[in-house]
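Participant: My structure is stored as target-v4.tsv, with TSV, C-alpha atoms.
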chain	number	residue	atom	x	y	z
A	1375	MET	CA	0.00	0.00	0.00
A	1376	LYS	CA	3.00	2.28	0.48
A	1377	ASN	CA	3.39	2.81	-3.27
A	1378	LYS	CA	-0.32	3.00	-4.03
A	1379	ILE	CA	-1.22	5.66	-6.61
A	1380	HIS	CA	-4.43	7.63	-6.11
A	1381	ASN	CA	-6.02	8.48	-9.45
A	1382	TYR	CA	-8.00	11.71	-9.87
A	1383	ASP	CA	-9.45	13.60	-12.80
A	1384	PHE	CA	-8.38	17.06	-11.62
A	1385	LEU	CA	-5.99	18.75	-9.23
A	1386	VAL	CA	-7.04	22.32	-8.40
A	1387	ILE	CA	-4.22	24.47	-7.00
A	1388	GLY	CA	-5.59	27.45	-5.10
A	1389	ALA	CA	-8.48	27.21	-2.62
A	1390	GLY	CA	-9.74	30.79	-2.86
A	1391	LEU	CA	-13.23	31.61	-4.10
A	1392	ILE	CA	-12.67	30.66	-7.74
A	1393	GLY	CA	-10.57	27.58	-6.95
A	1394	SER	CA	-13.06	26.24	-4.41
A	1395	LEU	CA	-16.04	26.90	-6.69
A	1396	THR	CA	-14.25	25.26	-9.63
A	1397	ALA	CA	-13.75	22.14	-7.52
A	1398	VAL	CA	-17.35	22.12	-6.25
A	1399	CYS	CA	-18.64	22.46	-9.81
A	1400	LEU	CA	-16.43	19.61	-11.05
A	1401	LEU	CA	-17.58	17.50	-8.12
A	1402	LYS	CA	-21.24	18.18	-8.94
A	1403	ASN	CA	-20.51	17.04	-12.49
A	1404	LYS	CA	-19.20	13.68	-11.20
A	1405	TYR	CA	-15.46	14.32	-11.62
A	1406	LYS	CA	-12.93	13.21	-9.04
A	1407	VAL	CA	-11.11	16.30	-7.80
A	1408	LEU	CA	-8.58	17.31	-5.13
A	1409	VAL	CA	-7.87	20.90	-4.03
A	1410	ILE	CA	-4.63	22.08	-2.43
A	1411	ASP	CA	-3.45	25.44	-1.17
A	1412	LYS	CA	-0.24	26.57	0.49
A	1413	ASN	CA	-2.21	28.75	2.96
A	1414	GLU	CA	-5.26	28.37	5.11
A	1415	GLN	CA	-7.83	30.68	3.57
A	1416	PHE	CA	-8.81	33.69	5.68
A	1417	LEU	CA	-12.53	33.22	6.44
A	1418	ASN	CA	-13.06	36.46	8.39
A	1419	ASP	CA	-12.69	38.58	5.25
A	1420	LYS	CA	-15.67	40.95	5.35
A	1421	ARG	CA	-15.21	42.44	1.90
A	1422	THR	CA	-18.04	42.05	-0.59
A	1423	LEU	CA	-18.59	40.66	-4.06
A	1424	ALA	CA	-20.84	42.10	-6.75
A	1425	VAL	CA	-22.51	38.96	-8.10
A	1426	ASN	CA	-24.26	39.42	-11.43
A	1427	ALA	CA	-27.39	37.51	-12.45
A	1428	ASN	CA	-25.46	34.82	-14.34
A	1429	SER	CA	-23.17	34.16	-11.37
A	1430	LYS	CA	-26.19	33.98	-9.05
A	1431	ASP	CA	-27.71	31.29	-11.31
A	1432	PHE	CA	-24.40	29.40	-11.15
A	1433	LEU	CA	-24.28	29.50	-7.34
A	1434	THR	CA	-27.94	28.51	-7.11
A	1435	LYS	CA	-27.33	25.40	-9.25
A	1436	LEU	CA	-24.43	24.46	-6.97
A	1437	GLY	CA	-26.81	24.65	-3.98
A	1438	ILE	CA	-24.80	27.44	-2.34
A	1439	TRP	CA	-26.83	30.62	-2.93
A	1440	ASN	CA	-29.63	29.90	-0.44
A	1441	LYS	CA	-27.13	28.84	2.25
A	1442	LEU	CA	-25.30	32.18	2.51
A	1443	LYS	CA	-25.26	33.47	6.08
A	1444	ALA	CA	-26.19	37.08	5.29
A	1445	ASN	CA	-29.05	37.81	2.90
A	1446	PRO	CA	-27.70	39.05	-0.46
A	1447	GLU	CA	-28.44	42.71	-1.17
A	1448	PRO	CA	-30.05	43.15	-4.61
A	1449	ILE	CA	-28.96	45.78	-7.14
A	1450	ASN	CA	-32.06	47.05	-8.94
A	1451	LYS	CA	-30.60	50.10	-10.63
A	1452	ILE	CA	-27.20	51.35	-11.83
A	1453	GLU	CA	-26.46	55.08	-12.12
A	1454	ILE	CA	-23.29	56.34	-13.81
A	1455	TYR	CA	-22.08	59.94	-13.36
A	1456	ASP	CA	-19.05	62.03	-14.27
A	1457	THR	CA	-17.99	65.68	-14.06
A	1458	ILE	CA	-18.39	66.24	-17.82
A	1459	ASN	CA	-21.99	65.28	-18.50
A	1460	LYS	CA	-24.93	67.11	-16.92
A	1461	PHE	CA	-27.18	64.04	-16.74
A	1462	PRO	CA	-26.29	60.50	-15.64
A	1463	LEU	CA	-26.72	57.19	-17.41
A	1464	ILE	CA	-29.40	55.15	-15.67
A	1465	PHE	CA	-29.90	51.42	-16.20
A	1466	GLU	CA	-32.77	49.36	-14.79
A	1467	ASN	CA	-34.17	45.89	-15.37
A	1468	THR	CA	-37.75	45.24	-14.32
A	1469	ASN	CA	-37.70	41.44	-14.80
A	1470	GLU	CA	-35.11	40.59	-12.13
A	1471	GLU	CA	-32.37	42.24	-10.09
A	1472	MET	CA	-29.27	43.15	-12.10
A	1473	GLY	CA	-27.01	41.70	-9.47
A	1474	ASN	CA	-26.50	41.16	-5.75
A	1475	VAL	CA	-23.88	42.09	-3.18
A	1476	ILE	CA	-22.68	39.37	-0.80
A	1477	PHE	CA	-19.83	38.89	1.67
A	1478	ASN	CA	-16.73	37.08	0.37
A	1479	SER	CA	-16.38	35.01	3.51
A	1480	ASP	CA	-19.99	33.74	3.42
A	1481	LEU	CA	-19.42	32.26	-0.01
A	1482	LEU	CA	-15.97	30.85	0.74
A	1483	VAL	CA	-17.21	29.16	3.94
A	1484	GLU	CA	-20.01	27.36	2.08
A	1485	ALA	CA	-17.77	26.27	-0.81
A	1486	LYS	CA	-15.01	24.99	1.50
A	1487	GLN	CA	-17.47	23.11	3.72
A	1488	LEU	CA	-18.68	21.15	0.70
A	1489	LEU	CA	-15.08	20.14	-0.07
A	1490	LEU	CA	-14.08	19.42	3.52
A	1491	LYS	CA	-17.06	17.10	4.05
A	1492	LYS	CA	-15.67	14.87	1.30
A	1493	ASN	CA	-12.00	15.26	2.36
A	1494	LEU	CA	-11.15	16.91	-0.95
A	1495	LEU	CA	-9.28	19.95	0.41
A	1496	ILE	CA	-5.71	19.92	1.77
A	1497	GLU	CA	-4.19	23.19	2.99
A	1498	GLY	CA	-0.60	23.97	3.92
A	1499	ILE	CA	0.74	22.28	0.76
A	1500	ASN	CA	3.38	24.17	-1.21
A	1501	ILE	CA	4.12	22.57	-4.59
A	1502	GLU	CA	6.67	23.79	-7.12
A	1503	ILE	CA	4.23	24.14	-10.00
A	1504	SER	CA	6.81	24.31	-12.77
A	1505	LYS	CA	7.97	20.80	-11.85
A	1506	ILE	CA	4.63	19.00	-11.93
A	1507	LYS	CA	2.71	17.64	-14.92
A	1508	SER	CA	-0.59	15.98	-15.59
A	1509	ASN	CA	-0.51	12.17	-15.85
A	1510	GLU	CA	2.76	12.06	-13.92
A	1511	LYS	CA	3.18	11.02	-10.30
A	1512	ILE	CA	2.81	13.85	-7.77
A	1513	LYS	CA	3.52	13.36	-4.05
A	1514	ILE	CA	1.20	15.16	-1.62
A	1515	GLU	CA	1.44	14.46	2.12
A	1516	ASN	CA	3.45	11.29	1.47
A	1517	LYS	CA	0.81	9.90	-0.90
A	1518	ASN	CA	1.28	9.39	-4.63
A	1519	TYR	CA	-1.29	10.84	-7.03
A	1520	LEU	CA	-1.97	10.93	-10.75
A	1521	PHE	CA	-4.12	13.73	-12.16
A	1522	LYS	CA	-5.43	13.86	-15.72
A	1523	LYS	CA	-5.45	17.66	-15.68
A	1524	ILE	CA	-4.13	20.41	-13.38
A	1525	ILE	CA	-6.10	23.63	-12.84
A	1526	LEU	CA	-4.43	26.80	-11.53
A	1527	CYS	CA	-6.59	29.28	-9.59
A	1528	LEU	CA	-3.82	31.31	-8.01
A	1529	GLY	CA	-5.01	34.89	-8.54
A	1530	LYS	CA	-3.54	37.92	-10.24
A	1531	ASN	CA	-0.34	38.01	-8.15
A	1532	TYR	CA	1.01	34.67	-9.38
A	1533	GLU	CA	4.35	35.09	-11.15
A	1534	ASN	CA	6.29	32.18	-12.64
A	1535	GLU	CA	7.83	32.55	-16.08
A	1536	ASP	CA	8.49	28.79	-16.19
A	1537	THR	CA	4.74	28.20	-16.08
A	1538	ILE	CA	2.90	31.14	-17.62
A	1539	LYS	CA	3.58	34.11	-19.85
A	1540	LYS	CA	1.95	37.24	-18.48
A	1541	PHE	CA	1.15	40.19	-20.76
A	1542	SER	CA	0.83	43.14	-18.40
A	1543	PHE	CA	-0.85	46.48	-19.04
A	1544	PRO	CA	1.10	49.10	-17.07
A	1545	SER	CA	-0.94	50.69	-14.29
A	1546	LEU	CA	-0.10	52.91	-11.33
A	1547	HIS	CA	-3.59	52.55	-9.90
A	1548	LYS	CA	-4.47	51.23	-6.47
A	1549	SER	CA	-7.94	50.36	-5.30
A	1550	TYR	CA	-9.32	51.20	-1.86
A	1551	VAL	CA	-12.22	49.13	-0.58
A	1552	GLY	CA	-14.35	49.65	2.52
A	1553	PHE	CA	-17.78	50.34	4.00
A	1554	PHE	CA	-19.74	53.29	5.30
A	1555	ASP	CA	-22.97	53.71	7.24
A	1556	HIS	CA	-25.50	56.35	6.20
A	1557	SER	CA	-28.73	57.86	7.50
A	1558	VAL	CA	-30.81	57.38	4.31
A	1559	VAL	CA	-31.64	53.94	2.88
A	1560	HIS	CA	-29.68	53.06	-0.27
A	1561	ASN	CA	-32.76	51.94	-2.27
A	1562	GLN	CA	-30.66	49.10	-3.75
A	1563	ILE	CA	-28.98	51.45	-6.24
A	1564	ALA	CA	-25.38	50.98	-7.40
A	1565	TYR	CA	-23.40	54.08	-8.40
A	1566	GLU	CA	-20.29	54.68	-10.50
A	1567	ILE	CA	-18.85	58.19	-10.47
A	1568	PHE	CA	-15.84	59.14	-12.58
A	1569	THR	CA	-14.23	61.74	-10.31
A	1570	PRO	CA	-11.14	63.77	-11.32
A	1571	GLU	CA	-9.12	61.56	-8.92
A	1572	GLY	CA	-10.43	58.26	-10.33
A	1573	PRO	CA	-13.58	56.10	-10.53
A	1574	LEU	CA	-15.61	55.66	-7.34
A	1575	ALA	CA	-18.20	52.87	-7.15
A	1576	VAL	CA	-20.71	52.59	-4.30
A	1577	LEU	CA	-22.94	49.55	-3.88
A	1578	PRO	CA	-25.58	48.54	-1.31
A	1579	ALA	CA	-24.09	46.18	1.28
A	1580	PRO	CA	-25.97	43.36	3.03
A	1581	SER	CA	-27.66	44.80	6.14
A	1582	LYS	CA	-31.12	44.70	7.70
A	1583	SER	CA	-31.29	48.48	8.00
A	1584	LYS	CA	-30.47	49.12	4.30
A	1585	LYS	CA	-28.19	51.87	5.61
A	1586	THR	CA	-24.76	50.35	4.92
A	1587	SER	CA	-22.91	50.58	1.61
A	1588	THR	CA	-19.58	49.37	0.28
A	1589	PHE	CA	-17.23	51.37	-1.93
A	1590	ILE	CA	-14.29	50.80	-4.23
A	1591	PHE	CA	-12.20	53.78	-5.23
A	1592	SER	CA	-9.40	53.49	-7.79
A	1593	THR	CA	-6.74	56.13	-8.26
A	1594	GLN	CA	-3.09	56.61	-9.16
A	1595	ASN	CA	-2.79	59.39	-6.57
A	1596	LYS	CA	-1.75	58.94	-2.95
A	1597	ILE	CA	-4.86	59.30	-0.82
A	1598	SER	CA	-5.58	59.19	2.91
A	1599	ARG	CA	-8.54	57.78	4.78
A	1600	THR	CA	-9.65	61.35	5.56
A	1601	ASN	CA	-9.64	62.28	1.88
A	1602	ILE	CA	-11.61	59.15	0.97
A	1603	GLN	CA	-14.26	60.11	3.52
A	1604	LYS	CA	-14.39	63.66	2.11
A	1605	LEU	CA	-14.75	62.26	-1.41
A	1606	ILE	CA	-17.65	59.98	-0.45
A	1607	LYS	CA	-19.39	62.76	1.50
A	1608	ASN	CA	-18.95	65.14	-1.42
A	1609	TYR	CA	-20.63	62.84	-3.92
A	1610	PHE	CA	-23.10	60.89	-1.76
A	1611	SER	CA	-24.42	63.14	1.00
A	1612	LYS	CA	-27.46	64.05	-1.12
A	1613	THR	CA	-28.40	60.42	-1.82
A	1614	HIS	CA	-27.23	58.75	1.41
A	1615	GLY	CA	-27.52	61.47	4.06
A	1616	LEU	CA	-25.08	61.53	6.97
A	1617	ILE	CA	-22.06	59.36	6.18
A	1618	ASN	CA	-19.78	57.57	8.62
A	1619	LEU	CA	-16.82	55.75	7.06
A	1620	LYS	CA	-15.97	52.47	8.83
A	1621	LYS	CA	-12.44	52.04	10.16
A	1622	LYS	CA	-11.10	49.18	8.02
A	1623	ILE	CA	-10.04	50.08	4.46
A	1624	TYR	CA	-8.39	47.47	2.22
A	1625	GLU	CA	-5.74	48.61	-0.27
A	1626	TYR	CA	-4.73	46.67	-3.40
A	1627	LYS	CA	-2.54	47.19	-6.42
A	1628	ILE	CA	-4.37	46.97	-9.72
A	1629	LEU	CA	-2.51	44.62	-12.06
A	1630	PRO	CA	-4.30	44.41	-15.43
A	1631	HIS	CA	-2.97	41.50	-17.49
A	1632	LEU	CA	-3.66	38.57	-19.77
A	1633	SER	CA	-1.84	35.29	-19.19
A	1634	LYS	CA	-1.01	32.31	-21.35
A	1635	GLU	CA	0.26	28.99	-20.02
A	1636	LYS	CA	3.38	27.83	-21.81
A	1637	PHE	CA	3.35	24.07	-22.24
A	1638	ASN	CA	-0.27	23.01	-22.75
A	1639	GLN	CA	-0.19	21.59	-19.23
A	1640	PHE	CA	-2.41	23.80	-17.09
A	1641	ILE	CA	-5.91	25.24	-17.16
A	1642	LEU	CA	-5.90	28.85	-15.92
A	1643	ILE	CA	-9.15	29.97	-14.29
A	1644	GLY	CA	-9.98	33.33	-12.71
A	1645	ASP	CA	-7.59	36.23	-12.12
A	1646	ILE	CA	-4.53	34.17	-13.03
A	1647	LEU	CA	-5.93	34.08	-16.59
A	1648	ARG	CA	-6.86	37.74	-16.73
A	1649	SER	CA	-7.15	40.65	-14.35
A	1650	ILE	CA	-9.01	43.81	-15.27
A	1651	HIS	CA	-9.50	47.25	-13.76
A	1652	PRO	CA	-12.38	47.16	-11.24
A	1653	VAL	CA	-14.16	50.04	-13.00
A	1654	ALA	CA	-16.52	47.52	-14.70
A	1655	GLY	CA	-17.11	45.47	-11.55
A	1656	GLN	CA	-16.92	42.22	-13.54
A	1657	GLY	CA	-13.56	40.64	-12.65
A	1658	TRP	CA	-14.90	37.94	-10.32
A	1659	ASN	CA	-17.90	37.27	-12.57
A	1660	LEU	CA	-15.52	36.58	-15.47
A	1661	GLY	CA	-13.95	33.88	-13.31
A	1662	ILE	CA	-17.38	32.24	-12.98
A	1663	LYS	CA	-17.72	32.34	-16.76
A	1664	ASP	CA	-14.33	30.59	-17.00
A	1665	ILE	CA	-15.71	27.75	-14.88
A	1666	GLN	CA	-18.95	27.57	-16.88
A	1667	THR	CA	-17.07	27.50	-20.18
A	1668	PHE	CA	-14.72	24.77	-19.01
A	1669	ILE	CA	-17.54	22.58	-17.68
A	1670	SER	CA	-19.48	23.05	-20.93
A	1671	LEU	CA	-16.45	21.96	-22.99
A	1672	LEU	CA	-15.98	18.90	-20.79
A	1673	ASN	CA	-19.33	17.74	-22.16
A	1674	GLN	CA	-17.81	17.85	-25.67
A	1675	TYR	CA	-14.29	16.52	-25.11
A	1676	GLU	CA	-12.57	13.79	-23.17
A	1677	ILE	CA	-10.34	15.14	-20.40
A	1678	ASP	CA	-7.18	14.06	-22.23
A	1679	ASP	CA	-8.24	15.52	-25.59
A	1680	PRO	CA	-5.72	18.29	-26.50
A	1681	ASN	CA	-8.58	20.22	-28.13
A	1682	LEU	CA	-10.13	20.77	-24.69
A	1683	LEU	CA	-7.48	23.29	-23.61
A	1684	ALA	CA	-7.21	24.88	-27.06
A	1685	ASP	CA	-10.96	25.43	-27.29
A	1686	TYR	CA	-11.17	26.70	-23.71
A	1687	TYR	CA	-8.53	29.37	-24.29
A	1688	LYS	CA	-10.09	30.33	-27.62
A	1689	HIS	CA	-13.45	30.88	-25.96
A	1690	ARG	CA	-12.12	32.88	-23.01
A	1691	SER	CA	-9.50	34.99	-24.81
A	1692	ILE	CA	-12.03	37.12	-26.71
A	1693	GLU	CA	-14.04	38.16	-23.64
A	1694	SER	CA	-10.89	38.61	-21.54
A	1695	PHE	CA	-9.26	40.85	-24.15
A	1696	THR	CA	-12.47	42.85	-24.68
A	1697	TYR	CA	-12.94	43.62	-20.99
A	1698	LEU	CA	-9.27	44.38	-20.42
A	1699	THR	CA	-9.13	46.74	-23.41
A	1700	PHE	CA	-12.42	48.47	-22.55
A	1701	THR	CA	-11.62	49.08	-18.87
A	1702	SER	CA	-8.09	50.28	-19.65
A	1703	LEU	CA	-9.39	52.61	-22.38
A	1704	ILE	CA	-12.10	54.11	-20.15
A	1705	ASN	CA	-9.51	54.95	-17.50
A	1706	LYS	CA	-7.10	56.41	-20.03
A	1707	ILE	CA	-9.77	58.70	-21.47
A	1708	TYR	CA	-10.91	59.97	-18.08
A	1709	GLU	CA	-7.36	60.42	-16.77
A	1710	ASN	CA	-6.33	62.48	-19.80
A	1711	GLN	CA	-9.12	64.98	-20.08
A	1712	ASN	CA	-8.80	67.26	-23.10
A	1713	PRO	CA	-11.27	68.62	-25.67
A	1714	LEU	CA	-11.09	65.48	-27.82
A	1715	ASN	CA	-11.51	63.02	-24.95
A	1716	ASN	CA	-14.29	65.10	-23.43
A	1717	ALA	CA	-16.10	65.10	-26.78
A	1718	ILE	CA	-15.76	61.29	-26.96
A	1719	ILE	CA	-17.18	60.94	-23.44
A	1720	LYS	CA	-20.10	63.28	-24.15
A	1721	SER	CA	-20.99	61.55	-27.39
A	1722	GLY	CA	-20.79	58.15	-25.67
A	1723	PHE	CA	-23.20	59.26	-22.93
A	1724	CYS	CA	-25.53	60.79	-25.50
A	1725	ILE	CA	-25.64	57.67	-27.69
A	1726	LEU	CA	-26.25	55.37	-24.71
A	1727	ARG	CA	-28.94	57.65	-23.33
A	1728	LYS	CA	-30.87	57.71	-26.61
A	1729	SER	CA	-30.41	54.11	-27.82
A	1730	SER	CA	-32.72	51.57	-26.19
A	1731	PHE	CA	-30.83	48.77	-27.99
A	1732	LEU	CA	-27.46	49.81	-26.52
A	1733	LYS	CA	-29.05	50.23	-23.09
A	1734	LYS	CA	-30.44	46.71	-23.23
A	1735	THR	CA	-27.05	45.43	-24.40
A	1736	PHE	CA	-25.33	47.17	-21.46
A	1737	ILE	CA	-27.84	45.64	-19.04
A	1738	LYS	CA	-27.27	42.16	-20.50
A	1739	GLN	CA	-23.51	42.67	-20.17
A	1740	ALA	CA	-23.84	43.87	-16.57
A	1741	MET	CA	-26.00	40.85	-15.74
A	1742	GLY	CA	-23.60	38.42	-17.41
A	1743	ARG	CA	-26.23	37.44	-19.96
A	1744	LEU	CA	-24.15	38.55	-22.98
A	1745	ASN	CA	-21.78	36.01	-24.50
A	1746	LEU	CA	-19.12	37.27	-26.93
A	1747	ILE	CA	-18.51	33.80	-28.40
Just dump the structure as structure tokens.
Facilitator:
Amino acid sequence: MKNKIHNYDFLVIGAGLIGSLTAVCLLKNKYKVLVIDKNEQFLNDKRTLAVNANSKDFLTKLGIWNKLKANPEPINKIEIYDTINKFPLIFENTNEEMGNVIFNSDLLVEAKQLLLKKNLLIEGINIEISKIKSNEKIKIENKNYLFKKIILCLGKNYENEDTIKKFSFPSLHKSYVGFFDHSVVHNQIAYEIFTPEGPLAVLPAPSKSKKTSTFIFSTQNKISRTNIQKLIKNYFSKTHGLINLKKKIYEYKILPHLSKEKFNQFILIGDILRSIHPVAGQGWNLGIKDIQTFISLLNQYEIDDPNLLADYYKHRSIESFTYLTFTSLINKIYENQNPLNNAIIKSGFCILRKSSFLKKTFIKQAMGRLNLI
């Protein structure tokens, strides 16, 4: 028994949100999967996720959505403002909510519990990824394994030129994420304001009072907590009343990129495949689409078919490139305000405001209902 080899369909490396959900989805589709991570995931993370309608459907099918500890906060309307246009862009969908806001930790707890119940998650395992291959023996905790395919869900910070080639889009931006309480209910409206300092998004956060919101502010300027509070008060006192910024603010570097794995060995899912500027609020939802695409292709190909990986990357590259280009372009235009760029912005607002077709297309995109391939 000492030299016994344990055979699995998939090894998932990375037990964060996307890695854990990838494994749960594979498990639900009757594949044998093991998940490893070098760290124990931090389950007290109280940041939020903007979950679009497509991602909600995905989580519902996995049996996770209705188990979340805090009730998801619906987004029924999106309002987009800037300092150039007099009137905002307003998007609504009367058939269903456009999205929901949930806590990261609530989702991660439920996903990990599903894996732990079946002993499919091992943490504290650090593997040198460049030295492992599918269909070759891999030793984990003194046991020998064979995996038909290896999936990497290691996030945007993963760097290993022996494994992947990363095409980075230079950015000096950082994002600041936190919460604030307010005296007026948020009415389940999400806001995006393109300020001179950078884009500021405010979304309703899960709370019984409907008087707590979450924000993400992106800028290339150095900014203090005091200045963030002033910024939020300046733009949201009229809609949210008295504002009290909560103490904890998370700070992250924004690292827009596209990645390509080098040796047709690994499946890249989530932010390791692509990371975009948070201005569109779709980064995590694109990771869910990665999972959905991969599972769909598994219904067409055998696991060992080389066309599986080729087709997967073909499907995901178009949407990844489109979102990365669009979000980078939007930021460039707003950061470099001049008569030409201002004219482009004004015409864009005007066209969107007048075209019901483009409005419906935007709503479908925001809800994750629009497929580019």
Participant: Let me make sure I understand: among A:Lys1517, A:Lys1636, A:Lys1720, A:Lys1460, which one has the smallest atom-to-atom distance to Ser1504 of chain A if we use all atoms listed in the file?
Facilitator: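 Among the listed residues, A:Lys1636 lies closest to Ser1504 of chain A.
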Participant: Name the residues, using the chain letters and numbers of the file, that sit within 8 Å of (-17.5, 18.8, -3.4) when counting only C-alpha atoms, and give them as a list in words.
Facilitator: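 Using only C-alpha atoms, the matching residues come out as Ala1397, Val1398, Cys1399, Leu1400, Leu1401, Lys1402, Ala1485, Leu1488, Leu1489, Leu1490, Lys1491, Lys1492 and Leu1494 of chain A.
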Participant: Name the closest residue to Ser1583 of chain A among the candidates A:His1614, A:Lys1451, A:His1631, A:His1560; distances are taken between atoms, counting all atoms listed in the file.
Facilitator: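 Answer, going by the shortest atom-to-atom distance: A:His1560.
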Participant: Compare A:Phe1610, A:Phe1668, A:Phe1477, A:Phe1554 by their minimum atom-to-atom distance to Leu1423 of chain A, counting all atoms listed in the file, and give me the closest one.
Facilitator: A:Phe1477
Participant: Name the residues, using the chain letters and numbers of the file, that sit within 12 Å of (0.3, 51.9, -14.0) when counting all atoms listed in the file, and give them as an mmCIF file with C-alpha atoms, in the coordinates of the input.
Facilitator:
data_model
loop_
_atom_site.group_PDB
_atom_site.id
_atom_site.type_symbol
_atom_site.label_atom_id
_atom_site.label_comp_id
_atom_site.auth_asym_id
_atom_site.auth_seq_id
_atom_site.Cartn_x
_atom_site.Cartn_y
_atom_site.Cartn_z
ATOM 1 C CA SER A 1542 0.830 43.140 -18.400
ATOM 2 C CA PHE A 1543 -0.850 46.480 -19.040
ATOM 3 C CA PRO A 1544 1.100 49.100 -17.070
ATOM 4 C CA SER A 1545 -0.940 50.690 -14.290
ATOM 5 C CA LEU A 1546 -0.100 52.910 -11.330
ATOM 6 C CA HIS A 1547 -3.590 52.550 -9.900
ATOM 7 C CA LYS A 1548 -4.470 51.230 -6.470
ATOM 8 C CA SER A 1592 -9.400 53.490 -7.790
ATOM 9 C CA THR A 1593 -6.740 56.130 -8.260
ATOM 10 C CA GLN A 1594 -3.090 56.610 -9.160
ATOM 11 C CA ASN A 1595 -2.790 59.390 -6.570
ATOM 12 C CA LYS A 1627 -2.540 47.190 -6.420
ATOM 13 C CA ILE A 1628 -4.370 46.970 -9.720
ATOM 14 C CA LEU A 1629 -2.510 44.620 -12.060
ATOM 15 C CA PRO A 1630 -4.300 44.410 -15.430
ATOM 16 C CA HIS A 1631 -2.970 41.500 -17.490
ATOM 17 C CA HIS A 1651 -9.500 47.250 -13.760
ATOM 18 C CA SER A 1702 -8.090 50.280 -19.650
ATOM 19 C CA ASN A 1705 -9.510 54.950 -17.500
ATOM 20 C CA LYS A 1706 -7.100 56.410 -20.030
ATOM 21 C CA GLU A 1709 -7.360 60.420 -16.770
#
Participant: With a cut-off of 6 Å, could you pull out the residues of segment 1376-1432 of chain A touching segment 1522-1533 of chain A and give me the nearest pair of atoms for each, distance in Å to one decimal, using all atoms listed in the file, ordered by chain and ascending number, as a Markdown table?
Facilitator:
| residue | atom | partner | partner_atom | distance |
| --- | --- | --- | --- | --- |
| A:Asp1383 | CA | A:Lys1522 | CA | 5.0 |
| A:Phe1384 | CA | A:Lys1523 | CA | 5.0 |
| A:Leu1385 | CA | A:Ile1524 | CA | 4.8 |
| A:Val1386 | CA | A:Ile1525 | CA | 4.7 |
| A:Ile1387 | CA | A:Leu1526 | CA | 5.1 |
| A:Gly1388 | CA | A:Cys1527 | CA | 5.0 |
| A:Gly1393 | CA | A:Cys1527 | CA | 5.1 |
Participant: Excluding Lys1378 of chain A and any residue of its chain fewer than 5 positions from it, enumerate the residues within 12 Å of it, using all atoms listed in the file, and give them as a list in words.
Facilitator: Lys1511, Ile1512, Lys1513, Asn1516, Lys1517, Asn1518, Tyr1519 and Leu1520 of chain A
Participant: The selected residues should be written to file as a PDB file, in the frame of the given file (atoms: C-alpha atoms).
Facilitator:
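So out_8.pdb came out as:
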ATOM      1  CA  LYS A1511       3.180  11.020 -10.300  1.00  0.00           C
ATOM      2  CA  ILE A1512       2.810  13.850  -7.770  1.00  0.00           C
ATOM      3  CA  LYS A1513       3.520  13.360  -4.050  1.00  0.00           C
ATOM      4  CA  ASN A1516       3.450  11.290   1.470  1.00  0.00           C
ATOM      5  CA  LYS A1517       0.810   9.900  -0.900  1.00  0.00           C
ATOM      6  CA  ASN A1518       1.280   9.390  -4.630  1.00  0.00           C
ATOM      7  CA  TYR A1519      -1.290  10.840  -7.030  1.00  0.00           C
ATOM      8  CA  LEU A1520      -1.970  10.930 -10.750  1.00  0.00           C
TER       9      LEU A1520
END
